[in-house]
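Here is the file upload.tsv (TSV, N, CA and C atoms and all ligand atoms).
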```
chain	number	residue	atom	x	y	z
A	22	MET	N	3.35	-7.96	-12.15
A	22	MET	CA	2.80	-8.64	-10.98
A	22	MET	C	1.27	-8.60	-11.06
A	23	ASN	N	0.64	-9.76	-10.98
A	23	ASN	CA	-0.80	-9.81	-11.14
A	23	ASN	C	-1.54	-10.07	-9.84
A	24	TRP	N	-2.68	-9.43	-9.73
A	24	TRP	CA	-3.56	-9.64	-8.60
A	24	TRP	C	-4.13	-11.05	-8.68
A	25	GLN	N	-4.25	-11.71	-7.54
A	25	GLN	CA	-4.84	-13.05	-7.54
A	25	GLN	C	-5.89	-13.14	-6.44
A	26	GLU	N	-6.95	-13.87	-6.75
A	26	GLU	CA	-8.07	-14.02	-5.81
A	26	GLU	C	-7.63	-14.50	-4.43
A	27	GLN	N	-6.56	-15.28	-4.40
A	27	GLN	CA	-6.11	-15.85	-3.12
A	27	GLN	C	-5.69	-14.76	-2.12
A	28	PHE	N	-5.43	-13.55	-2.62
A	28	PHE	CA	-5.03	-12.45	-1.73
A	28	PHE	C	-6.24	-11.67	-1.22
A	29	SER	N	-7.42	-12.05	-1.67
A	29	SER	CA	-8.63	-11.33	-1.29
A	29	SER	C	-8.94	-11.50	0.20
A	30	VAL	N	-9.34	-10.37	0.84
A	30	VAL	CA	-9.79	-10.49	2.22
A	30	VAL	C	-11.32	-10.49	2.24
A	31	GLY	N	-11.94	-10.38	1.07
A	31	GLY	CA	-13.40	-10.49	0.97
A	31	GLY	C	-14.13	-9.18	1.23
A	32	HIS	N	-13.37	-8.09	1.33
A	32	HIS	CA	-13.95	-6.77	1.59
A	32	HIS	C	-13.73	-5.97	0.31
A	33	THR	N	-14.81	-5.56	-0.34
A	33	THR	CA	-14.70	-4.96	-1.68
A	33	THR	C	-13.73	-3.77	-1.73
A	34	ASP	N	-13.92	-2.82	-0.82
A	34	ASP	CA	-13.06	-1.63	-0.82
A	34	ASP	C	-11.60	-1.98	-0.63
A	35	ILE	N	-11.34	-2.77	0.40
A	35	ILE	CA	-9.95	-3.14	0.73
A	35	ILE	C	-9.33	-3.93	-0.43
A	36	ASP	N	-10.08	-4.88	-0.98
A	36	ASP	CA	-9.56	-5.67	-2.10
A	36	ASP	C	-9.27	-4.80	-3.33
A	37	ASN	N	-10.16	-3.85	-3.60
A	37	ASN	CA	-9.93	-2.96	-4.75
A	37	ASN	C	-8.65	-2.15	-4.58
A	38	HIS	N	-8.42	-1.67	-3.37
A	38	HIS	CA	-7.20	-0.90	-3.11
A	38	HIS	C	-5.96	-1.77	-3.27
A	39	HIS	N	-6.06	-3.00	-2.80
A	39	HIS	CA	-4.92	-3.92	-2.93
A	39	HIS	C	-4.62	-4.20	-4.41
A	40	GLU	N	-5.71	-4.36	-5.16
A	40	GLU	CA	-5.54	-4.63	-6.59
A	40	GLU	C	-4.86	-3.45	-7.28
A	41	GLU	N	-5.27	-2.24	-6.89
A	41	GLU	CA	-4.66	-1.03	-7.45
A	41	GLU	C	-3.17	-0.98	-7.16
A	42	LEU	N	-2.81	-1.45	-5.97
A	42	LEU	CA	-1.40	-1.44	-5.60
A	42	LEU	C	-0.60	-2.37	-6.52
A	43	PHE	N	-1.18	-3.53	-6.82
A	43	PHE	CA	-0.50	-4.48	-7.72
A	43	PHE	C	-0.29	-3.83	-9.09
A	44	GLN	N	-1.31	-3.04	-9.53
A	44	GLN	CA	-1.22	-2.39	-10.85
A	44	GLN	C	-0.17	-1.28	-10.86
A	45	LEU	N	0.16	-0.81	-9.68
A	45	LEU	CA	1.12	0.28	-9.57
A	45	LEU	C	2.50	-0.13	-10.09
A	46	VAL	N	2.79	-1.41	-10.04
A	46	VAL	CA	4.07	-1.91	-10.55
A	46	VAL	C	4.19	-1.59	-12.04
A	47	SER	N	3.09	-1.80	-12.79
A	47	SER	CA	3.10	-1.49	-14.23
A	47	SER	C	3.23	0.01	-14.44
A	48	ALA	N	2.54	0.79	-13.61
A	48	ALA	CA	2.63	2.25	-13.73
A	48	ALA	C	4.06	2.72	-13.49
A	49	LEU	N	4.71	2.07	-12.55
A	49	LEU	CA	6.10	2.44	-12.24
A	49	LEU	C	7.02	2.08	-13.39
A	50	ASP	N	6.81	0.90	-13.99
A	50	ASP	CA	7.61	0.48	-15.15
A	50	ASP	C	7.48	1.50	-16.28
A	51	LEU	N	6.25	1.99	-16.47
A	51	LEU	CA	5.99	2.98	-17.50
A	51	LEU	C	6.72	4.29	-17.19
A	52	ALA	N	6.66	4.68	-15.92
A	52	ALA	CA	7.33	5.91	-15.49
A	52	ALA	C	8.84	5.80	-15.70
A	53	ILE	N	9.38	4.60	-15.49
A	53	ILE	CA	10.82	4.38	-15.68
A	53	ILE	C	11.18	4.57	-17.15
A	54	GLN	N	10.35	3.97	-18.03
A	54	GLN	CA	10.60	4.08	-19.48
A	54	GLN	C	10.58	5.53	-19.94
A	55	LYS	N	9.58	6.26	-19.43
A	55	LYS	CA	9.44	7.65	-19.86
A	55	LYS	C	10.39	8.59	-19.13
A	56	GLY	N	10.79	8.17	-17.92
A	56	GLY	CA	11.67	9.01	-17.13
A	56	GLY	C	11.04	10.33	-16.76
A	57	GLU	N	9.71	10.35	-16.66
A	57	GLU	CA	9.00	11.59	-16.38
A	57	GLU	C	8.76	11.80	-14.90
A	58	GLU	N	9.10	12.99	-14.46
A	58	GLU	CA	8.90	13.33	-13.05
A	58	GLU	C	7.42	13.33	-12.65
A	59	ASP	N	6.57	13.80	-13.57
A	59	ASP	CA	5.14	13.87	-13.28
A	59	ASP	C	4.55	12.50	-12.96
A	60	ALA	N	4.97	11.50	-13.73
A	60	ALA	CA	4.46	10.15	-13.54
A	60	ALA	C	4.89	9.62	-12.17
A	61	VAL	N	6.11	9.94	-11.78
A	61	VAL	CA	6.61	9.50	-10.48
A	61	VAL	C	5.86	10.22	-9.36
A	62	ASP	N	5.59	11.50	-9.59
A	62	ASP	CA	4.83	12.31	-8.64
A	62	ASP	C	3.44	11.68	-8.41
A	63	ASP	N	2.79	11.27	-9.51
A	63	ASP	CA	1.46	10.63	-9.41
A	63	ASP	C	1.52	9.37	-8.57
A	64	ILE	N	2.56	8.60	-8.76
A	64	ILE	CA	2.71	7.34	-8.02
A	64	ILE	C	2.89	7.62	-6.52
A	65	ILE	N	3.68	8.64	-6.21
A	65	ILE	CA	3.87	9.00	-4.81
A	65	ILE	C	2.55	9.49	-4.21
A	66	ASN	N	1.78	10.26	-4.99
A	66	ASN	CA	0.46	10.70	-4.54
A	66	ASN	C	-0.43	9.51	-4.21
A	67	PHE	N	-0.41	8.53	-5.08
A	67	PHE	CA	-1.22	7.33	-4.85
A	67	PHE	C	-0.79	6.67	-3.53
A	68	LEU	N	0.51	6.54	-3.33
A	68	LEU	CA	1.02	5.88	-2.12
A	68	LEU	C	0.65	6.66	-0.86
A	69	GLU	N	0.68	7.98	-0.95
A	69	GLU	CA	0.32	8.83	0.19
A	69	GLU	C	-1.15	8.60	0.57
A	70	HIS	N	-1.97	8.49	-0.45
A	70	HIS	CA	-3.39	8.23	-0.25
A	70	HIS	C	-3.58	6.82	0.34
A	71	TYR	N	-2.83	5.89	-0.19
A	71	TYR	CA	-2.93	4.48	0.24
A	71	TYR	C	-2.60	4.31	1.72
A	72	VAL	N	-1.53	4.96	2.18
A	72	VAL	CA	-1.11	4.78	3.58
A	72	VAL	C	-1.94	5.61	4.57
A	73	THR	N	-2.80	6.46	4.06
A	73	THR	CA	-3.71	7.16	4.98
A	73	THR	C	-5.10	6.52	4.90
A	74	GLU	N	-5.81	6.79	3.81
A	74	GLU	CA	-7.18	6.30	3.65
A	74	GLU	C	-7.30	4.78	3.75
A	75	HIS	N	-6.50	4.09	2.97
A	75	HIS	CA	-6.64	2.63	2.92
A	75	HIS	C	-6.27	1.97	4.25
A	76	PHE	N	-5.17	2.41	4.83
A	76	PHE	CA	-4.76	1.83	6.11
A	76	PHE	C	-5.81	2.09	7.18
A	77	GLU	N	-6.40	3.29	7.14
A	77	GLU	CA	-7.42	3.66	8.12
A	77	GLU	C	-8.61	2.72	8.04
A	78	GLU	N	-8.97	2.37	6.82
A	78	GLU	CA	-10.11	1.47	6.62
A	78	GLU	C	-9.83	0.10	7.24
A	79	GLU	N	-8.63	-0.40	7.03
A	79	GLU	CA	-8.24	-1.69	7.61
A	79	GLU	C	-8.23	-1.60	9.14
A	80	GLU	N	-7.68	-0.49	9.64
A	80	GLU	CA	-7.55	-0.33	11.09
A	80	GLU	C	-8.93	-0.23	11.76
A	81	GLU	N	-9.85	0.47	11.10
A	81	GLU	CA	-11.21	0.57	11.65
A	81	GLU	C	-11.88	-0.79	11.71
A	82	LEU	N	-11.65	-1.57	10.66
A	82	LEU	CA	-12.23	-2.92	10.62
A	82	LEU	C	-11.69	-3.76	11.79
A	83	MET	N	-10.38	-3.69	12.01
A	83	MET	CA	-9.76	-4.46	13.10
A	83	MET	C	-10.26	-4.00	14.46
A	84	LEU	N	-10.34	-2.66	14.62
A	84	LEU	CA	-10.78	-2.11	15.91
A	84	LEU	C	-12.22	-2.50	16.22
A	85	SER	N	-13.07	-2.48	15.20
A	85	SER	CA	-14.48	-2.78	15.44
A	85	SER	C	-14.68	-4.25	15.81
A	86	HIS	N	-13.64	-5.07	15.60
A	86	HIS	CA	-13.74	-6.49	15.96
A	86	HIS	C	-12.81	-6.84	17.12
A	87	ASN	N	-12.23	-5.82	17.75
A	87	ASN	CA	-11.24	-6.07	18.82
A	87	ASN	C	-10.20	-7.10	18.40
A	88	PHE	N	-9.73	-6.96	17.20
A	88	PHE	CA	-8.79	-7.92	16.62
A	88	PHE	C	-7.48	-7.98	17.41
A	89	VAL	N	-7.06	-9.18	17.81
A	89	VAL	CA	-5.86	-9.33	18.64
A	89	VAL	C	-4.58	-8.88	17.95
A	90	GLY	N	-4.55	-8.98	16.62
A	90	GLY	CA	-3.33	-8.61	15.90
A	90	GLY	C	-3.25	-7.13	15.56
A	91	TYR	N	-4.16	-6.35	16.13
A	91	TYR	CA	-4.24	-4.93	15.75
A	91	TYR	C	-2.92	-4.17	15.95
A	92	ALA	N	-2.34	-4.26	17.14
A	92	ALA	CA	-1.14	-3.46	17.45
A	92	ALA	C	0.01	-3.76	16.49
A	93	THR	N	0.23	-5.03	16.21
A	93	THR	CA	1.32	-5.44	15.31
A	93	THR	C	1.05	-4.91	13.90
A	94	HIS	N	-0.18	-5.08	13.47
A	94	HIS	CA	-0.56	-4.65	12.13
A	94	HIS	C	-0.43	-3.12	11.99
A	95	LYS	N	-0.91	-2.42	13.01
A	95	LYS	CA	-0.84	-0.96	13.03
A	95	LYS	C	0.63	-0.48	12.98
A	96	ALA	N	1.49	-1.18	13.71
A	96	ALA	CA	2.91	-0.82	13.73
A	96	ALA	C	3.52	-0.94	12.34
A	97	GLU	N	3.11	-1.98	11.60
A	97	GLU	CA	3.57	-2.15	10.21
A	97	GLU	C	3.12	-0.95	9.36
A	98	HIS	N	1.87	-0.55	9.56
A	98	HIS	CA	1.33	0.59	8.80
A	98	HIS	C	2.14	1.86	9.07
A	99	GLU	N	2.48	2.07	10.34
A	99	GLU	CA	3.24	3.27	10.71
A	99	GLU	C	4.59	3.28	10.00
A	100	LYS	N	5.20	2.10	9.89
A	100	LYS	CA	6.49	1.97	9.22
A	100	LYS	C	6.35	2.39	7.75
A	101	PHE	N	5.29	1.94	7.10
A	101	PHE	CA	5.05	2.30	5.70
A	101	PHE	C	4.79	3.80	5.54
A	102	LYS	N	4.06	4.37	6.49
A	102	LYS	CA	3.78	5.81	6.42
A	102	LYS	C	5.09	6.59	6.46
A	103	TYR	N	5.98	6.15	7.33
A	103	TYR	CA	7.28	6.81	7.43
A	103	TYR	C	8.04	6.70	6.10
A	104	LEU	N	8.06	5.49	5.53
A	104	LEU	CA	8.80	5.27	4.28
A	104	LEU	C	8.24	6.13	3.14
A	105	VAL	N	6.91	6.25	3.07
A	105	VAL	CA	6.30	7.06	2.01
A	105	VAL	C	6.63	8.54	2.21
A	106	SER	N	6.58	9.01	3.44
A	106	SER	CA	6.88	10.43	3.67
A	106	SER	C	8.36	10.71	3.38
A	107	ASP	N	9.20	9.71	3.61
A	107	ASP	CA	10.63	9.83	3.29
A	107	ASP	C	10.83	9.96	1.78
A	108	ILE	N	10.10	9.13	1.02
A	108	ILE	CA	10.18	9.19	-0.44
A	108	ILE	C	9.69	10.55	-0.95
A	109	ARG	N	8.59	11.02	-0.36
A	109	ARG	CA	8.06	12.34	-0.76
A	109	ARG	C	9.08	13.45	-0.50
A	110	THR	N	9.70	13.41	0.67
A	110	THR	CA	10.70	14.42	1.01
A	110	THR	C	11.85	14.39	0.01
A	111	ASN	N	12.35	13.19	-0.28
A	111	ASN	CA	13.45	13.06	-1.23
A	111	ASN	C	13.07	13.57	-2.61
A	112	PHE	N	11.84	13.24	-3.02
A	112	PHE	CA	11.37	13.69	-4.34
A	112	PHE	C	11.33	15.22	-4.38
A	113	ASN	N	10.76	15.82	-3.35
A	113	ASN	CA	10.66	17.28	-3.30
A	113	ASN	C	12.03	17.95	-3.22
A	114	ASP	N	13.00	17.22	-2.65
A	114	ASP	CA	14.36	17.75	-2.55
A	114	ASP	C	15.19	17.51	-3.81
A	115	ASN	N	14.52	17.02	-4.86
A	115	ASN	CA	15.19	16.75	-6.13
A	115	ASN	C	16.28	15.68	-6.06
A	116	THR	N	16.06	14.70	-5.22
A	116	THR	CA	16.96	13.53	-5.20
A	116	THR	C	16.84	12.86	-6.58
A	117	SER	N	17.89	12.21	-7.05
A	117	SER	CA	17.87	11.63	-8.40
A	117	SER	C	16.67	10.71	-8.58
A	118	LEU	N	16.05	10.81	-9.76
A	118	LEU	CA	14.84	10.05	-10.05
A	118	LEU	C	15.11	8.54	-9.97
A	119	THR	N	16.28	8.13	-10.36
A	119	THR	CA	16.64	6.72	-10.30
A	119	THR	C	16.59	6.22	-8.86
A	120	HIS	N	17.11	7.01	-7.95
A	120	HIS	CA	17.10	6.64	-6.54
A	120	HIS	C	15.66	6.55	-6.03
A	121	ILE	N	14.83	7.54	-6.40
A	121	ILE	CA	13.43	7.58	-5.96
A	121	ILE	C	12.69	6.35	-6.49
A	122	ILE	N	12.88	6.06	-7.76
A	122	ILE	CA	12.19	4.92	-8.38
A	122	ILE	C	12.61	3.62	-7.70
A	123	PHE	N	13.88	3.50	-7.39
A	123	PHE	CA	14.37	2.31	-6.69
A	123	PHE	C	13.68	2.18	-5.33
A	124	SER	N	13.56	3.29	-4.60
A	124	SER	CA	12.92	3.27	-3.28
A	124	SER	C	11.44	2.90	-3.40
A	125	ILE	N	10.77	3.43	-4.43
A	125	ILE	CA	9.35	3.12	-4.63
A	125	ILE	C	9.18	1.64	-4.94
A	126	ARG	N	10.05	1.13	-5.80
A	126	ARG	CA	9.95	-0.28	-6.19
A	126	ARG	C	10.09	-1.18	-4.95
A	127	ARG	N	11.05	-0.85	-4.12
A	127	ARG	CA	11.29	-1.63	-2.91
A	127	ARG	C	10.09	-1.54	-1.96
A	128	LEU	N	9.53	-0.34	-1.88
A	128	LEU	CA	8.36	-0.13	-1.02
A	128	LEU	C	7.16	-0.93	-1.51
A	129	ILE	N	6.92	-0.91	-2.82
A	129	ILE	CA	5.78	-1.66	-3.37
A	129	ILE	C	5.96	-3.16	-3.10
A	130	ASP	N	7.17	-3.66	-3.30
A	130	ASP	CA	7.43	-5.08	-3.02
A	130	ASP	C	7.09	-5.42	-1.57
A	131	THR	N	7.48	-4.54	-0.65
A	131	THR	CA	7.21	-4.79	0.77
A	131	THR	C	5.72	-4.70	1.06
A	132	LEU	N	5.04	-3.76	0.39
A	132	LEU	CA	3.60	-3.61	0.58
A	132	LEU	C	2.85	-4.84	0.06
A	133	VAL	N	3.31	-5.37	-1.06
A	133	VAL	CA	2.69	-6.58	-1.62
A	133	VAL	C	2.88	-7.75	-0.64
A	134	HIS	N	4.05	-7.82	-0.08
A	134	HIS	CA	4.32	-8.86	0.93
A	134	HIS	C	3.39	-8.69	2.14
A	135	HIS	N	3.17	-7.44	2.52
A	135	HIS	CA	2.27	-7.12	3.63
A	135	HIS	C	0.84	-7.63	3.32
A	136	ILE	N	0.39	-7.41	2.09
A	136	ILE	CA	-0.94	-7.88	1.68
A	136	ILE	C	-1.02	-9.40	1.81
A	137	GLN	N	0.04	-10.05	1.34
A	137	GLN	CA	0.02	-11.52	1.30
A	137	GLN	C	0.17	-12.19	2.66
A	138	THR	N	0.79	-11.49	3.61
A	138	THR	CA	1.07	-12.14	4.89
A	138	THR	C	0.30	-11.53	6.08
A	139	ILE	N	0.16	-10.21	6.10
A	139	ILE	CA	-0.46	-9.54	7.25
A	139	ILE	C	-1.94	-9.26	7.00
A	140	ASP	N	-2.24	-8.66	5.83
A	140	ASP	CA	-3.63	-8.29	5.55
A	140	ASP	C	-4.54	-9.51	5.46
A	141	ILE	N	-4.00	-10.59	4.97
A	141	ILE	CA	-4.79	-11.80	4.78
A	141	ILE	C	-5.38	-12.28	6.13
A	142	ALA	N	-4.71	-11.90	7.23
A	142	ALA	CA	-5.17	-12.32	8.56
A	142	ALA	C	-6.47	-11.61	8.98
A	143	ILE	N	-6.82	-10.53	8.29
A	143	ILE	CA	-8.06	-9.86	8.68
A	143	ILE	C	-9.27	-10.40	7.90
A	144	ALA	N	-9.01	-11.32	6.95
A	144	ALA	CA	-10.10	-11.89	6.15
A	144	ALA	C	-11.23	-12.49	7.01
A	145	PRO	N	-10.90	-13.23	8.09
A	145	PRO	CA	-12.00	-13.81	8.89
A	145	PRO	C	-12.92	-12.76	9.51
A	146	LEU	N	-12.41	-11.53	9.69
A	146	LEU	CA	-13.22	-10.47	10.30
A	146	LEU	C	-14.33	-10.02	9.36
A	147	VAL	N	-14.04	-10.08	8.06
A	147	VAL	CA	-14.97	-9.52	7.09
A	147	VAL	C	-16.30	-10.26	7.08
A	148	GLY	N	-16.26	-11.56	7.23
A	148	GLY	CA	-17.48	-12.35	7.26
A	148	GLY	C	-18.39	-11.97	8.41
A	149	GLU	N	-17.78	-11.44	9.47
A	149	GLU	CA	-18.56	-11.08	10.67
A	149	GLU	C	-19.08	-9.65	10.60
A	150	SER	N	-18.67	-8.94	9.53
A	150	SER	CA	-19.06	-7.53	9.42
A	150	SER	C	-20.55	-7.36	9.21
A	151	HIS	N	-21.07	-6.26	9.69
A	151	HIS	CA	-22.49	-5.95	9.48
A	151	HIS	C	-22.57	-4.73	8.59
A	152	GLU	N	-22.02	-4.87	7.38
A	152	GLU	CA	-21.99	-3.71	6.49
A	152	GLU	C	-23.17	-3.73	5.54
A	201	FE	FE	-2.55	-3.67	6.24
```

Can you give me the file's structure in the form of structure tokens?
Amino acid sequence: MNWQEQFSVGHTDIDNHHEELFQLVSALDLAIQKGEEDAVDDIINFLEHYVTEHFEEEEELMLSHNFVGYATHKAEHEKFKYLVSDIRTNFNDNTSLTHIIFSIRRLIDTLVHHIQTIDIAIAPLVGESHE
């Protein structure tokens, strides 16, 4: 899955994080081939960071502009946070790696969809930023 300019919201930090998420699909494919727990652990670490730091950055941007779609967007973020913590719990509980990888793949697909449909709506805010 390749990053495309059309998904850009025009905010360097946010766009870079989104691009990293797209690259995570390749990292996951590699982890599947190797079947290594460490590689899967790294991917979960990345996702944990993504749903805290990255989401916070988007939320701050929306709040600073009194964005009308904030509540809906924030609710989506909370859903993702729950899914990531669920994956982490399962991983730590030694749930089968195949099951974990399947859950991660499904999560990444949903996150990519979120970028393409929900995050794109914050693009107009970026032009108004005073950064
Ligand atoms: Fe978002």

Per residue of chain A within 7 Å of ligand FE 201 (chain A), what are the shortest atom pair and its distance in Å to one decimal, counting all atoms listed in the file, with rows by chain and residue number, as a Markdown table?
```
| residue | atom | partner | partner_atom | distance |
| --- | --- | --- | --- | --- |
| A:Phe76 | CA | A:FE201 | FE | 5.9 |
| A:Glu79 | CA | A:FE201 | FE | 6.2 |
| A:Glu80 | N | A:FE201 | FE | 6.9 |
| A:His94 | C | A:FE201 | FE | 6.2 |
| A:His98 | CA | A:FE201 | FE | 6.3 |
| A:His135 | C | A:FE201 | FE | 6.0 |
| A:Ile136 | N | A:FE201 | FE | 6.3 |
| A:Ile139 | C | A:FE201 | FE | 5.7 |
| A:Asp140 | CA | A:FE201 | FE | 4.8 |
```

Check your understanding: In chain A, what's alpha helix (DSSP H) per DSSP? Answer as a count of residues only?
Key -> 94

When you look at Thr119 in chain A with a cut-off of 9 Å (counting only C-alpha atoms), what residues show up, excluding the ones that are within fewer than 4 positions of it in the same chain? I need them as a tab-separated table (two decimals) with N, CA and C atoms, keeping the file's coordinate frame.
```
chain	number	residue	atom	x	y	z
A	53	ILE	N	9.38	4.60	-15.49
A	53	ILE	CA	10.82	4.38	-15.68
A	53	ILE	C	11.18	4.57	-17.15
A	56	GLY	N	10.79	8.17	-17.92
A	56	GLY	CA	11.67	9.01	-17.13
A	56	GLY	C	11.04	10.33	-16.76
A	123	PHE	N	13.88	3.50	-7.39
A	123	PHE	CA	14.37	2.31	-6.69
A	123	PHE	C	13.68	2.18	-5.33
A	124	SER	N	13.56	3.29	-4.60
A	124	SER	CA	12.92	3.27	-3.28
A	124	SER	C	11.44	2.90	-3.40
```

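In this model, the gap between atom N of Thr138 in chain A and CA of Asp63 in chain A comes to 25.7 Å.
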
With range 28-46 of chain A as the partner and 6 Å as the cut-off, tabulate the residues of range 51-148 of chain A that qualify, each row holding the nearest pair of atoms and their distance in Å to one decimal, using all atoms listed in the file, sorted by chain and rising number, as a tab-separated table.
```
residue	atom	partner	partner_atom	distance
A:Gln137	CA	A:Phe28	CA	6.0
A:Ile141	CA	A:Val30	CA	5.8
A:Ile143	C	A:Val30	CA	5.7
A:Ala144	CA	A:Val30	CA	4.2
A:Val147	CA	A:Gly31	C	5.9
```

Those selected residues, please, written with N, CA and C atoms and delivered as a compact mmCIF listing (two decimals), keeping the file's coordinate frame.
```txt
# COMPACT_ATOMS: atom_id res chain seq x y z
N GLN A 137 0.04 -10.05 1.34
CA GLN A 137 0.02 -11.52 1.30
C GLN A 137 0.17 -12.19 2.66
N ILE A 141 -4.00 -10.59 4.97
CA ILE A 141 -4.79 -11.80 4.78
C ILE A 141 -5.38 -12.28 6.13
N ILE A 143 -6.82 -10.53 8.29
CA ILE A 143 -8.06 -9.86 8.68
C ILE A 143 -9.27 -10.40 7.90
N ALA A 144 -9.01 -11.32 6.95
CA ALA A 144 -10.10 -11.89 6.15
C ALA A 144 -11.23 -12.49 7.01
N VAL A 147 -14.04 -10.08 8.06
CA VAL A 147 -14.97 -9.52 7.09
C VAL A 147 -16.30 -10.26 7.08
```

**Study point:** Point-to-point distance in Å for CA of Phe101 in chain A and atom C of Asp50 in chain A
**Key:** 22.1 Å

Which residues are close to Val72 in chain A, i.e. within 10 Å by only C-alpha atoms, leaving aside same-chain residues fewer than 5 positions away? Reply as a PDB file with N, CA and C atoms, in the coordinates of the input.
```
ATOM      1  N   PHE A  67      -0.410   8.530  -5.080  1.00  0.00           N
ATOM      2  CA  PHE A  67      -1.220   7.330  -4.850  1.00  0.00           C
ATOM      3  C   PHE A  67      -0.790   6.670  -3.530  1.00  0.00           C
ATOM      4  N   GLU A  77      -6.400   3.290   7.140  1.00  0.00           N
ATOM      5  CA  GLU A  77      -7.420   3.660   8.120  1.00  0.00           C
ATOM      6  C   GLU A  77      -8.610   2.720   8.040  1.00  0.00           C
ATOM      7  N   HIS A  98       1.870  -0.550   9.560  1.00  0.00           N
ATOM      8  CA  HIS A  98       1.330   0.590   8.800  1.00  0.00           C
ATOM      9  C   HIS A  98       2.140   1.860   9.070  1.00  0.00           C
ATOM     10  N   GLU A  99       2.480   2.070  10.340  1.00  0.00           N
ATOM     11  CA  GLU A  99       3.240   3.270  10.710  1.00  0.00           C
ATOM     12  C   GLU A  99       4.590   3.280  10.000  1.00  0.00           C
ATOM     13  N   LYS A 100       5.200   2.100   9.890  1.00  0.00           N
ATOM     14  CA  LYS A 100       6.490   1.970   9.220  1.00  0.00           C
ATOM     15  C   LYS A 100       6.350   2.390   7.750  1.00  0.00           C
ATOM     16  N   PHE A 101       5.290   1.940   7.100  1.00  0.00           N
ATOM     17  CA  PHE A 101       5.050   2.300   5.700  1.00  0.00           C
ATOM     18  C   PHE A 101       4.790   3.800   5.540  1.00  0.00           C
ATOM     19  N   LYS A 102       4.060   4.370   6.490  1.00  0.00           N
ATOM     20  CA  LYS A 102       3.780   5.810   6.420  1.00  0.00           C
ATOM     21  C   LYS A 102       5.090   6.590   6.460  1.00  0.00           C
ATOM     22  N   TYR A 103       5.980   6.150   7.330  1.00  0.00           N
ATOM     23  CA  TYR A 103       7.280   6.810   7.430  1.00  0.00           C
ATOM     24  C   TYR A 103       8.040   6.700   6.100  1.00  0.00           C
ATOM     25  N   LEU A 104       8.060   5.490   5.530  1.00  0.00           N
ATOM     26  CA  LEU A 104       8.800   5.270   4.280  1.00  0.00           C
ATOM     27  C   LEU A 104       8.240   6.130   3.140  1.00  0.00           C
ATOM     28  N   VAL A 105       6.910   6.250   3.070  1.00  0.00           N
ATOM     29  CA  VAL A 105       6.300   7.060   2.010  1.00  0.00           C
ATOM     30  C   VAL A 105       6.630   8.540   2.210  1.00  0.00           C
ATOM     31  N   SER A 106       6.580   9.010   3.440  1.00  0.00           N
ATOM     32  CA  SER A 106       6.880  10.430   3.670  1.00  0.00           C
ATOM     33  C   SER A 106       8.360  10.710   3.380  1.00  0.00           C
TER      34      SER A 106
END
```

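Computed from the coordinates, the atom C of Asn87 in chain A to atom N of Thr73 in chain A distance equals 21.1 Å.
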
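Counting only C-alpha atoms, the residue from A:Glu81, A:Glu74, A:Asp62, A:Glu69 that sits nearest to Leu49 in chain A is A:Asp62.
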
Review point. Using only C-alpha atoms, which residue out of A:Trp24, A:Tyr71, A:Phe112, A:Tyr91 lies closest to Leu146 in chain A?
Key: A:Tyr91
